[in-house]
file work-v4.cif (mmCIF, C-alpha atoms)
data_final
#
loop_
_atom_site.label_atom_id
_atom_site.label_comp_id
_atom_site.auth_asym_id
_atom_site.auth_seq_id
_atom_site.Cartn_x
_atom_site.Cartn_y
_atom_site.Cartn_z
CA MET V 109 -21.24 -32.14 4.52
CA LEU V 110 -21.69 -33.32 8.10
CA HIS V 111 -18.71 -34.03 10.30
CA ASP V 112 -18.42 -35.65 13.67
CA ARG V 113 -17.38 -32.90 16.09
CA ASP V 114 -15.34 -35.18 18.34
CA ALA V 115 -13.55 -36.82 15.40
CA VAL V 116 -12.59 -33.46 13.92
CA ARG V 117 -11.41 -32.01 17.22
CA ALA V 118 -9.46 -35.19 18.01
CA GLN V 119 -7.13 -34.23 15.16
CA LEU V 120 -6.41 -30.96 17.02
CA PRO V 121 -5.30 -32.28 20.43
CA SER V 122 -4.52 -28.87 21.93
CA LEU V 123 -8.25 -28.12 21.98
CA ALA V 124 -8.75 -30.68 24.73
CA SER V 125 -7.05 -28.52 27.35
CA GLN V 126 -8.24 -25.02 26.45
CA THR V 127 -10.75 -22.89 24.61
CA TYR V 128 -8.51 -21.80 21.78
CA LEU V 129 -9.59 -18.61 20.01
CA ASN V 130 -6.32 -17.30 18.61
CA THR V 131 -5.93 -18.93 15.21
CA GLY V 132 -5.38 -15.43 13.81
CA ALA V 133 -2.01 -15.54 15.55
CA CYS V 134 -1.23 -19.24 15.33
CA GLY V 135 -3.64 -22.07 14.64
CA PRO V 136 -3.69 -25.33 16.57
CA LEU V 137 -1.28 -27.81 15.00
CA ALA V 138 -3.12 -30.59 13.18
CA ALA V 139 -2.23 -34.15 14.16
CA PRO V 140 -1.62 -35.19 10.51
CA ALA V 141 1.01 -32.46 10.27
CA ALA V 142 2.66 -33.60 13.49
CA ARG V 143 2.76 -37.21 12.28
CA ALA V 144 4.30 -36.26 8.93
CA LEU V 145 6.89 -34.11 10.69
CA HIS V 146 7.78 -36.93 13.07
CA GLU V 147 8.05 -39.46 10.24
CA TRP V 148 10.43 -37.24 8.29
CA VAL V 149 12.66 -36.59 11.29
CA GLU V 150 12.73 -40.30 12.15
CA HIS V 151 13.81 -41.05 8.59
CA ASP V 152 16.54 -38.40 8.81
CA LEU V 153 17.93 -40.08 11.91
CA SER V 154 18.67 -43.25 9.98
CA SER V 155 19.38 -41.93 6.49
CA GLY V 156 22.01 -39.72 4.91
CA ARG V 157 20.25 -36.43 4.23
CA GLY V 158 22.83 -35.31 1.71
CA SER V 159 22.55 -38.28 -0.65
CA LEU V 160 21.16 -37.91 -4.13
CA ALA V 161 18.07 -39.71 -2.93
CA GLY V 162 17.80 -37.36 0.04
CA PHE V 163 18.06 -34.23 -2.06
CA GLY V 164 15.62 -35.69 -4.55
CA ALA V 165 13.09 -36.38 -1.81
CA VAL V 166 13.23 -32.77 -0.61
CA SER V 167 12.82 -31.48 -4.16
CA GLU V 168 9.83 -33.75 -4.66
CA GLN V 169 8.21 -32.62 -1.41
CA ALA V 170 8.73 -28.97 -2.34
CA GLN V 171 7.02 -29.45 -5.69
CA LEU V 172 4.15 -31.36 -4.09
CA LEU V 173 3.71 -28.53 -1.60
CA ARG V 174 3.68 -25.85 -4.30
CA ALA V 175 0.97 -27.87 -6.01
CA ALA V 176 -0.97 -28.20 -2.74
CA THR V 177 -0.84 -24.51 -1.88
CA ALA V 178 -1.70 -23.22 -5.35
CA PRO V 179 -5.46 -24.10 -5.32
CA LEU V 180 -5.83 -22.31 -1.98
CA VAL V 181 -5.47 -19.01 -3.84
CA GLY V 182 -6.81 -20.13 -7.22
CA GLY V 183 -3.33 -20.46 -8.71
CA ARG V 184 -1.01 -22.95 -10.37
CA ALA V 185 2.06 -24.62 -8.93
CA SER V 186 4.32 -22.62 -11.28
CA GLU V 187 2.96 -19.41 -9.73
CA MET V 188 3.98 -20.38 -6.18
CA ALA V 189 7.17 -19.77 -4.23
CA LEU V 190 7.76 -21.34 -0.82
CA THR V 191 8.74 -18.82 1.84
CA ALA V 192 9.38 -18.77 5.58
CA ASN V 193 6.18 -16.87 6.42
CA THR V 194 3.88 -14.11 5.15
CA THR V 195 6.38 -11.38 6.07
CA ASN V 196 9.05 -13.10 3.99
CA GLY V 197 6.70 -13.00 1.01
CA MET V 198 5.84 -9.36 1.50
CA ASN V 199 9.55 -8.51 1.65
CA VAL V 200 10.04 -10.20 -1.72
CA ILE V 201 7.62 -7.68 -3.20
CA ALA V 202 8.76 -4.68 -1.18
CA TRP V 203 12.39 -5.04 -2.23
CA GLY V 204 11.79 -6.44 -5.70
CA ILE V 205 10.59 -3.10 -7.09
CA ASP V 206 13.14 -0.78 -8.71
CA TRP V 207 12.42 2.18 -6.44
CA ARG V 208 13.25 5.79 -7.30
CA LEU V 209 13.25 8.89 -5.13
CA GLY V 210 9.71 10.20 -4.79
CA ASP V 211 7.96 6.95 -5.79
CA GLU V 212 4.77 6.44 -3.82
CA ILE V 213 3.25 3.57 -1.82
CA VAL V 214 -0.38 3.40 -0.73
CA MET V 215 -1.18 1.34 2.37
CA PRO V 216 -3.89 1.15 5.07
CA ALA V 217 -2.75 2.74 8.32
CA LEU V 218 -3.46 -0.27 10.54
CA GLU V 219 -1.44 -2.78 8.57
CA HIS V 220 0.37 -5.61 10.35
CA PRO V 221 4.08 -4.91 10.98
CA GLY V 222 4.88 -7.80 8.63
CA LEU V 223 3.83 -5.50 5.81
CA ALA V 224 4.22 -2.06 7.35
CA VAL V 225 7.81 -2.45 8.58
CA PRO V 226 9.28 -3.56 5.21
CA LEU V 227 7.54 -0.68 3.46
CA ALA V 228 8.70 1.79 6.10
CA ASN V 229 12.24 0.64 5.37
CA VAL V 230 11.70 1.18 1.66
CA VAL V 231 10.65 4.73 2.48
CA ARG V 232 13.70 5.23 4.69
CA ARG V 233 16.24 3.81 2.28
CA PHE V 234 14.94 5.02 -1.08
CA GLY V 235 13.10 8.21 -0.27
CA ALA V 236 9.74 6.80 -1.29
CA VAL V 237 6.56 8.46 -0.05
CA LEU V 238 4.02 6.51 2.00
CA ARG V 239 0.34 7.45 1.61
CA LEU V 240 -1.77 6.07 4.47
CA VAL V 241 -5.50 5.41 4.12
CA ASP V 242 -8.31 3.74 6.09
CA HIS V 243 -7.06 4.97 9.46
CA GLY V 244 -9.98 3.35 11.28
CA GLY V 245 -9.38 -0.06 9.76
CA THR V 246 -13.04 -0.57 8.84
CA GLY V 247 -12.60 -0.52 5.07
CA ALA V 248 -15.82 1.46 4.71
CA ARG V 249 -14.24 4.21 2.60
CA LEU V 250 -11.11 2.36 1.54
CA VAL V 251 -11.62 2.54 -2.23
CA GLU V 252 -12.64 6.20 -2.02
CA GLU V 253 -9.59 7.05 0.06
CA VAL V 254 -7.23 5.15 -2.24
CA ALA V 255 -8.70 7.00 -5.22
CA ALA V 256 -7.95 10.31 -3.49
CA VAL V 257 -4.23 9.62 -3.02
CA ILE V 258 -3.20 7.34 -5.89
CA GLY V 259 -1.36 8.97 -8.74
CA PRO V 260 1.26 8.67 -11.50
CA ARG V 261 4.09 8.18 -8.96
CA THR V 262 2.34 5.29 -7.21
CA ARG V 263 4.36 2.12 -7.69
CA LEU V 264 2.75 -0.16 -5.13
CA VAL V 265 -0.55 -0.52 -3.33
CA ALA V 266 -0.18 -2.96 -0.44
CA LEU V 267 -2.89 -4.16 1.89
CA SER V 268 -4.20 -7.09 3.86
CA HIS V 269 -7.21 -8.98 2.58
CA VAL V 270 -8.52 -8.89 6.16
CA CYS V 271 -7.36 -6.21 8.59
CA TRP V 272 -5.56 -8.16 11.31
CA SER V 273 -6.64 -5.81 14.10
CA THR V 274 -10.27 -4.96 13.30
CA GLY V 275 -11.18 -8.11 11.38
CA ALA V 276 -12.61 -6.09 8.47
CA LEU V 277 -12.72 -7.83 5.08
CA LEU V 278 -11.24 -5.26 2.70
CA ASP V 279 -12.26 -4.58 -0.90
CA VAL V 280 -9.08 -5.78 -2.57
CA ALA V 281 -10.72 -5.97 -6.00
CA GLY V 282 -11.89 -2.35 -5.87
CA VAL V 283 -8.45 -1.18 -4.76
CA ALA V 284 -6.73 -3.30 -7.42
CA ARG V 285 -8.73 -1.70 -10.23
CA LEU V 286 -7.55 1.73 -9.14
CA ALA V 287 -3.96 0.56 -8.74
CA HIS V 288 -3.78 -1.05 -12.16
CA ASP V 289 -5.31 2.01 -13.81
CA ALA V 290 -2.40 3.94 -12.29
CA GLY V 291 0.15 1.33 -13.39
CA ALA V 292 0.90 0.20 -9.83
CA LEU V 293 1.42 -3.30 -8.47
CA VAL V 294 -0.91 -4.76 -5.85
CA ALA V 295 0.54 -6.84 -3.02
CA VAL V 296 -1.82 -8.61 -0.62
CA ASP V 297 -1.17 -10.02 2.84
CA GLY V 298 -3.43 -13.05 3.10
CA ALA V 299 -2.47 -14.15 6.60
CA GLN V 300 -6.05 -13.84 7.89
CA THR V 301 -7.86 -15.23 4.87
CA VAL V 302 -6.34 -18.36 3.33
CA GLY V 303 -8.01 -21.24 5.12
CA ALA V 304 -10.73 -19.00 6.58
CA ILE V 305 -12.56 -17.77 3.45
CA PRO V 306 -12.42 -18.60 -0.27
CA VAL V 307 -9.58 -16.82 -2.09
CA ASP V 308 -8.97 -16.28 -5.80
CA ALA V 309 -5.94 -14.01 -6.00
CA ALA V 310 -6.13 -13.44 -9.75
CA ALA V 311 -9.86 -12.62 -9.64
CA LEU V 312 -9.15 -10.09 -6.89
CA GLY V 313 -6.65 -8.37 -9.16
CA ALA V 314 -3.66 -9.06 -6.92
CA ASP V 315 -0.18 -9.17 -8.42
CA ALA V 316 1.20 -10.99 -5.39
CA TYR V 317 -0.53 -12.77 -2.51
CA ALA V 318 1.33 -14.12 0.54
CA PHE V 319 0.11 -16.43 3.31
CA PRO V 320 1.53 -18.64 6.10
CA ALA V 321 1.31 -22.29 7.09
CA HIS V 322 0.77 -21.78 10.79
CA LYS V 323 -2.48 -19.82 11.03
CA TRP V 324 -5.72 -20.90 9.37
CA LEU V 325 -4.05 -23.80 7.56
CA LEU V 326 -2.98 -25.45 10.85
CA GLY V 327 0.51 -26.32 9.66
CA PRO V 328 3.93 -25.88 11.27
CA GLY V 329 5.61 -22.56 11.91
CA GLY V 330 8.42 -21.51 9.61
CA LEU V 331 6.72 -21.94 6.23
CA GLY V 332 4.61 -19.81 3.95
CA ALA V 333 3.80 -19.39 0.29
CA LEU V 334 3.81 -16.53 -2.17
CA TRP V 335 1.65 -16.44 -5.29
CA VAL V 336 2.91 -14.16 -8.06
CA ALA V 337 0.78 -13.35 -11.09
CA PRO V 338 2.55 -14.33 -14.31
CA GLY V 339 2.07 -10.83 -15.69
CA ALA V 340 3.83 -9.29 -12.68
CA LEU V 341 6.78 -11.68 -12.56
CA GLU V 342 9.21 -9.48 -14.48
CA ARG V 343 8.26 -6.39 -12.47
CA ILE V 344 9.35 -7.99 -9.20
CA ASP V 345 13.10 -8.54 -9.41
CA LEU V 346 15.16 -10.94 -7.34
CA THR V 347 16.49 -9.47 -4.11
CA HIS V 348 17.44 -12.45 -1.98
CA SER V 349 18.69 -15.18 -4.29
CA GLY V 350 20.81 -18.29 -4.24
CA TYR V 351 21.18 -21.86 -5.39
CA GLU V 352 17.44 -22.53 -5.51
CA SER V 353 16.66 -19.42 -7.58
CA GLY V 354 17.45 -21.15 -10.84
CA THR V 355 19.31 -23.84 -12.76
CA GLY V 356 22.39 -24.11 -14.93
CA HIS V 357 24.78 -22.67 -12.37
CA ARG V 358 27.91 -21.18 -13.88
CA ALA V 359 31.17 -19.76 -12.59
CA GLY V 360 30.72 -16.27 -11.25
CA GLY V 361 27.16 -16.83 -10.04
CA GLY V 362 25.38 -17.05 -13.36
CA ILE V 363 22.11 -18.99 -13.44
CA THR V 364 19.05 -19.47 -15.55
CA ARG V 365 16.25 -18.23 -13.33
CA HIS V 366 13.26 -20.46 -12.78
CA PRO V 367 10.50 -19.37 -15.17
CA GLY V 368 7.89 -18.93 -12.43
CA ALA V 369 7.60 -17.64 -8.89
CA ARG V 370 9.97 -20.34 -7.66
CA ARG V 371 12.82 -18.02 -8.67
CA HIS V 372 12.22 -16.21 -5.36
CA GLU V 373 13.25 -19.28 -3.35
CA VAL V 374 16.80 -18.94 -2.11
CA SER V 375 18.42 -21.99 -0.58
CA THR V 376 17.89 -25.03 1.62
CA LEU V 377 14.23 -25.49 2.49
CA PRO V 378 13.16 -26.71 5.95
CA ALA V 379 12.65 -30.27 4.71
CA PRO V 380 10.65 -31.72 7.65
CA LEU V 381 8.13 -28.89 7.43
CA LEU V 382 7.25 -29.54 3.80
CA PRO V 383 5.37 -32.84 4.24
CA ALA V 384 3.96 -31.55 7.52
CA TRP V 385 2.23 -28.58 5.90
CA ARG V 386 1.06 -30.69 2.99
CA ALA V 387 -0.44 -33.22 5.41
CA ALA V 388 -2.40 -30.45 7.12
CA ILE V 389 -3.68 -29.14 3.78
CA GLU V 390 -4.66 -32.63 2.63
CA TRP V 391 -6.63 -33.16 5.85
CA LEU V 392 -8.44 -29.86 5.29
CA ASP V 393 -9.08 -30.86 1.68
CA GLU V 394 -10.73 -34.04 2.96
CA LEU V 395 -12.95 -32.10 5.35
CA GLY V 396 -14.06 -29.92 2.44
CA TRP V 397 -13.40 -26.23 1.96
CA GLU V 398 -17.03 -25.27 1.53
CA TRP V 399 -17.81 -26.76 4.94
CA ILE V 400 -14.72 -25.21 6.52
CA HIS V 401 -15.44 -21.73 5.21
CA GLU V 402 -19.09 -21.89 6.22
CA ARG V 403 -18.18 -23.07 9.72
CA VAL V 404 -15.68 -20.23 10.16
CA SER V 405 -18.31 -17.71 9.08
CA THR V 406 -21.03 -19.21 11.26
CA MET V 407 -18.92 -19.33 14.41
CA GLN V 408 -17.58 -15.82 13.83
CA ALA V 409 -21.14 -14.52 13.65
CA ARG V 410 -22.12 -16.42 16.79
CA ALA V 411 -19.11 -15.11 18.71
CA ARG V 412 -19.84 -11.57 17.62
CA SER V 413 -23.50 -11.83 18.57
CA ALA V 414 -22.75 -13.40 21.96
CA LEU V 415 -20.09 -10.85 22.86
CA ALA V 416 -22.34 -7.96 21.86
CA GLU V 417 -24.83 -9.03 24.56
CA ILE V 418 -22.28 -8.53 27.35
CA PRO V 419 -22.58 -5.17 29.16
CA GLY V 420 -19.52 -3.02 28.54
CA VAL V 421 -18.47 -4.82 25.33
CA SER V 422 -18.18 -2.78 22.14
CA ILE V 423 -17.60 -4.66 18.89
CA ILE V 424 -14.99 -3.14 16.56
CA THR V 425 -15.24 -5.60 13.68
CA PRO V 426 -17.67 -4.23 11.06
CA PRO V 427 -21.05 -5.96 10.75
CA GLY V 428 -21.90 -8.33 7.94
CA ARG V 429 -20.11 -11.38 6.59
CA GLN V 430 -16.43 -11.13 7.50
CA ALA V 431 -13.69 -13.74 7.94
CA GLY V 432 -12.85 -15.38 11.28
CA LEU V 433 -11.87 -12.45 13.50
CA VAL V 434 -13.87 -10.50 16.08
CA ALA V 435 -12.24 -7.49 17.73
CA PHE V 436 -13.86 -5.83 20.74
CA THR V 437 -13.26 -3.65 23.77
CA LEU V 438 -14.39 -4.15 27.35
CA ALA V 439 -15.06 -0.87 29.10
CA GLY V 440 -12.69 -0.13 31.95
CA HIS V 441 -10.37 -3.06 31.26
CA ASP V 442 -6.90 -3.15 29.77
CA PRO V 443 -6.87 -5.65 26.87
CA ALA V 444 -3.57 -7.28 27.84
CA ALA V 445 -4.61 -7.73 31.46
CA ALA V 446 -8.03 -9.03 30.42
CA CYS V 447 -6.53 -11.56 28.02
CA ALA V 448 -4.09 -12.73 30.70
CA GLU V 449 -6.96 -13.21 33.14
CA MET V 450 -8.94 -15.15 30.57
CA ALA V 451 -5.91 -17.30 29.70
CA ALA V 452 -5.53 -18.24 33.35
CA GLY V 453 -8.99 -19.75 33.05
CA GLY V 454 -8.16 -21.59 29.83
CA VAL V 455 -9.69 -19.19 27.29
CA ILE V 456 -7.09 -18.02 24.80
CA ALA V 457 -7.58 -14.67 23.02
CA ARG V 458 -5.10 -11.92 22.18
CA PRO V 459 -4.71 -8.25 23.02
CA LEU V 460 -4.14 -5.59 20.37
CA ASP V 461 -2.34 -2.27 20.62
CA HIS V 462 -3.83 -0.42 17.63
CA PRO V 463 -6.68 -0.19 18.27
CA SER V 464 -6.45 -1.00 21.97
CA ALA V 465 -8.74 -4.02 21.98
CA MET V 466 -9.12 -7.77 22.36
CA ARG V 467 -9.44 -10.18 19.46
CA VAL V 468 -10.81 -13.68 19.11
CA ALA V 469 -10.51 -15.92 16.07
CA THR V 470 -13.08 -18.63 15.41
CA GLY V 471 -12.07 -21.65 13.38
CA PHE V 472 -14.12 -24.40 11.76
CA PHE V 473 -13.34 -26.41 14.88
CA THR V 474 -14.85 -23.82 17.23
CA ASP V 475 -18.15 -24.96 18.74
CA ASP V 476 -20.96 -23.52 20.82
CA ASP V 477 -19.30 -24.73 24.02
CA ASP V 478 -16.26 -22.62 23.13
CA ILE V 479 -18.47 -19.58 22.58
CA GLY V 480 -20.16 -20.20 25.91
CA ARG V 481 -16.83 -20.39 27.73
CA LEU V 482 -15.69 -17.20 25.99
CA VAL V 483 -18.79 -15.35 27.15
CA THR V 484 -18.36 -16.66 30.70
CA ALA V 485 -14.72 -15.56 30.73
CA VAL V 486 -15.44 -12.06 29.42
CA ARG V 487 -18.30 -11.61 31.88
CA ALA V 488 -16.04 -12.70 34.73
CA VAL V 489 -13.41 -10.14 33.74
CA ALA V 490 -16.09 -7.47 33.44
CA MET V 491 -17.31 -8.21 36.97
CA GLY V 492 -13.78 -8.47 38.35
CA GLY V 493 -14.41 -12.00 39.57
CA GLY V 494 -11.75 -13.86 37.61
CA CYS V 495 -12.34 -16.69 35.18
#
call {"tool": "encode", "arguments": {"input": "work-v4.cif", "output": "C-alpha cells"}}
result
Amino acid sequence: MLHDRDAVRAQLPSLASQTYLNTGACGPLAAPAARALHEWVEHDLSSGRGSLAGFGAVSEQAQLLRAATAPLVGGRASEMALTANTTNGMNVIAWGIDWRLGDEIVMPALEHPGLAVPLANVVRRFGAVLRLVDHGGTGARLVEEVAAVIGPRTRLVALSHVCWSTGALLDVAGVARLAHDAGALVAVDGAQTVGAIPVDAAALGADAYAFPAHKWLLGPGGLGALWVAPGALERIDLTHSGYESGTGHRAGGGITRHPGARRHEVSTLPAPLLPAWRAAIEWLDELGWEWIHERVSTMQARARSALAEIPGVSIITPPGRQAGLVAFTLAGHDPAAACAEMAAGGVIARPLDHPSAMRVATGFFTDDDDIGRLVTAVRAVAMGGGC
C-alpha cells in the first residue's frame, strides 16, 4: 500500500520541528489521539462525570480499547487487562506468583529496569534466586544459556521480545519451549515490539505479554495493556486489586473475579486516555500493519547501513532483520554529551548506560531525509564541529 508521506507525517505534528528518532522511549503523539483526548476533556467540562451515563461511557471505552489492543498481540479482548504502562503489567506477573524460598528466575542481564527492578525486589523479599543470561544482549546464545541454567526450581523466565539497549530481537519461542518443559511461566516485555513488528503472543509461547500506549503505538502516556494466556490465568494471582477486579461486591470485600485478564484491573481508569489510545490504534489500522511493519524494518536497515559508513561508529545491534532500534557507539565521545549536542541541532536520539552507547529508533514515519540529518549530526559530533 502506498501512502502520501506528507499526509502521514501531518498526523504527527512534532515531526515538523525535529528529526525524531526516539520512539523506543516515547513515540510522537498522533493527532487523532490528541483530538480524541481533547473531545473527551471538553465533554467532561460540561457533563457530570459521576452519572450513570458517565460511568457507562467509561466502561464502554475500556471494553472497546481491550478489543482494539487484543489483535496487536494476536489475542482476544477477554485476554486483555488495561494497565498504566509496561512496567505495571510486568509487576502483575512478578508479584502474582506464589514465591517460595529458593525459587528461581531466569532473565537476560541487560533487561530494562521496568522488568529487572520488580524481579530484583522479588529476590530481595522472598529469597528467590536470579539466574542471569545473555550478558552481551545480542541473543546469539540466549536459548543455549537458558538451557544451561533452567531447572526444577525455575518458576519464571522473563525477557523482552527486543532488548531495549542493543535492539536485538530475542528468540522468545525458543526460550518459551525450555521454560514450559521445566514448568515455568514466561513473561514478555513487548515495549519495543508491539507496533514495530508483527506479534503473536500465544504462538511465541508467552504466558503474559505487556506493552505500552506511548511508544510504537503513538498513544498517550499513562496507559498500557497486558495479555494473559487463558491457561496461565490461575497461576498468576491477584496482587493489586479493587473495585474493577470483579463483580458482585459483597460486605467484607468479597467479589466474583472477572473470568479473564480484566481481573488484574484495579480501580478508576484514566478515562480521557482510553479513546485517545484507541484513536491512535484505529489510525494505524487504517494505514495498514503490513505497510507499517515493513517501513519500520526498511528504515531501521537504512539507518544502520548509513551509520556504519561513518568513521568511528561501531554498530551494536546484531545484523539481520531486527525491529526498529539501532544502537551504536562513536569512538571518543560520551553518549550523553553526543546526544545532547545532536538534540541542540534538532536530531533526537537517546544515550544508554549499559552498554554505554547511543540509540536511534526508526518508525514507519521516518524518511530518507531523517536518515540524512542523522548522519550529518553524527558526523558533526565526530568532527567536533557541532550540529
call {"tool": "resolve_selection", "arguments": {"input": "work-v4.cif", "expression": "the PyMOL selection byres ((chain V and resi 475) around 10)", "output": "ChimeraX atom specification"}}
result
/V:113,117,127,403,406-407,410-411,470-474,476-480
call {"tool": "residues_around", "arguments": {"input": "work-v4.cif", "residues": "segment 274-288 of chain V", "least_positions_apart": "5", "cutoff": "7 Å", "atoms": "all atoms listed in the file", "output": "NGL selection string"}}
result
:V and (245-247 or 251 or 254-255 or 265 or 269 or 293-294 or 312-314 or 424-426 or 430-431 or 433-435)
call {"tool": "atom_distance", "arguments": {"input": "work-v4.cif", "atom1": "atom CA of Pro260 of chain V", "atom2": "atom CA of Leu346 of chain V"}}
result
24.4 Å
call {"tool": "closest_residue", "arguments": {"input": "work-v4.cif", "among": "V:Ala414, V:Pro463, V:Gly453, V:Leu438", "to": "Met491 of chain V", "atoms": "only C-alpha atoms"}}
result
V:Leu438
call {"tool": "closest_atom_pairs", "arguments": {"input": "work-v4.cif", "of": "segment 137-256 of chain V", "to": "segment 300-310 of chain V", "cutoff": "9 Å", "atoms": "all atoms listed in the file", "output": "Markdown table"}}
result
| residue | atom | partner | partner_atom | distance |
| --- | --- | --- | --- | --- |
| V:Pro179 | CA | V:Asp308 | CA | 8.6 |
| V:Leu180 | CA | V:Val302 | CA | 6.6 |
| V:Val181 | CA | V:Asp308 | CA | 4.9 |
| V:Gly182 | CA | V:Asp308 | CA | 4.6 |
| V:Gly183 | CA | V:Ala309 | CA | 7.5 |
call {"tool": "closest_residue", "arguments": {"input": "work-v4.cif", "among": "V:Val483, V:Ala337, V:Ala185, V:Leu153", "to": "Val468 of chain V", "atoms": "all atoms listed in the file"}}
result
V:Val483
call {"tool": "resolve_selection", "arguments": {"input": "work-v4.cif", "expression": "the PyMOL selection byres ((chain V and resi 219-233) around 10)", "output": "ChimeraX atom specification"}}
result
/V:193-203,205,207,209-218,234-238,240,242-243,245,264,266-268,270-273,295-297,299,462
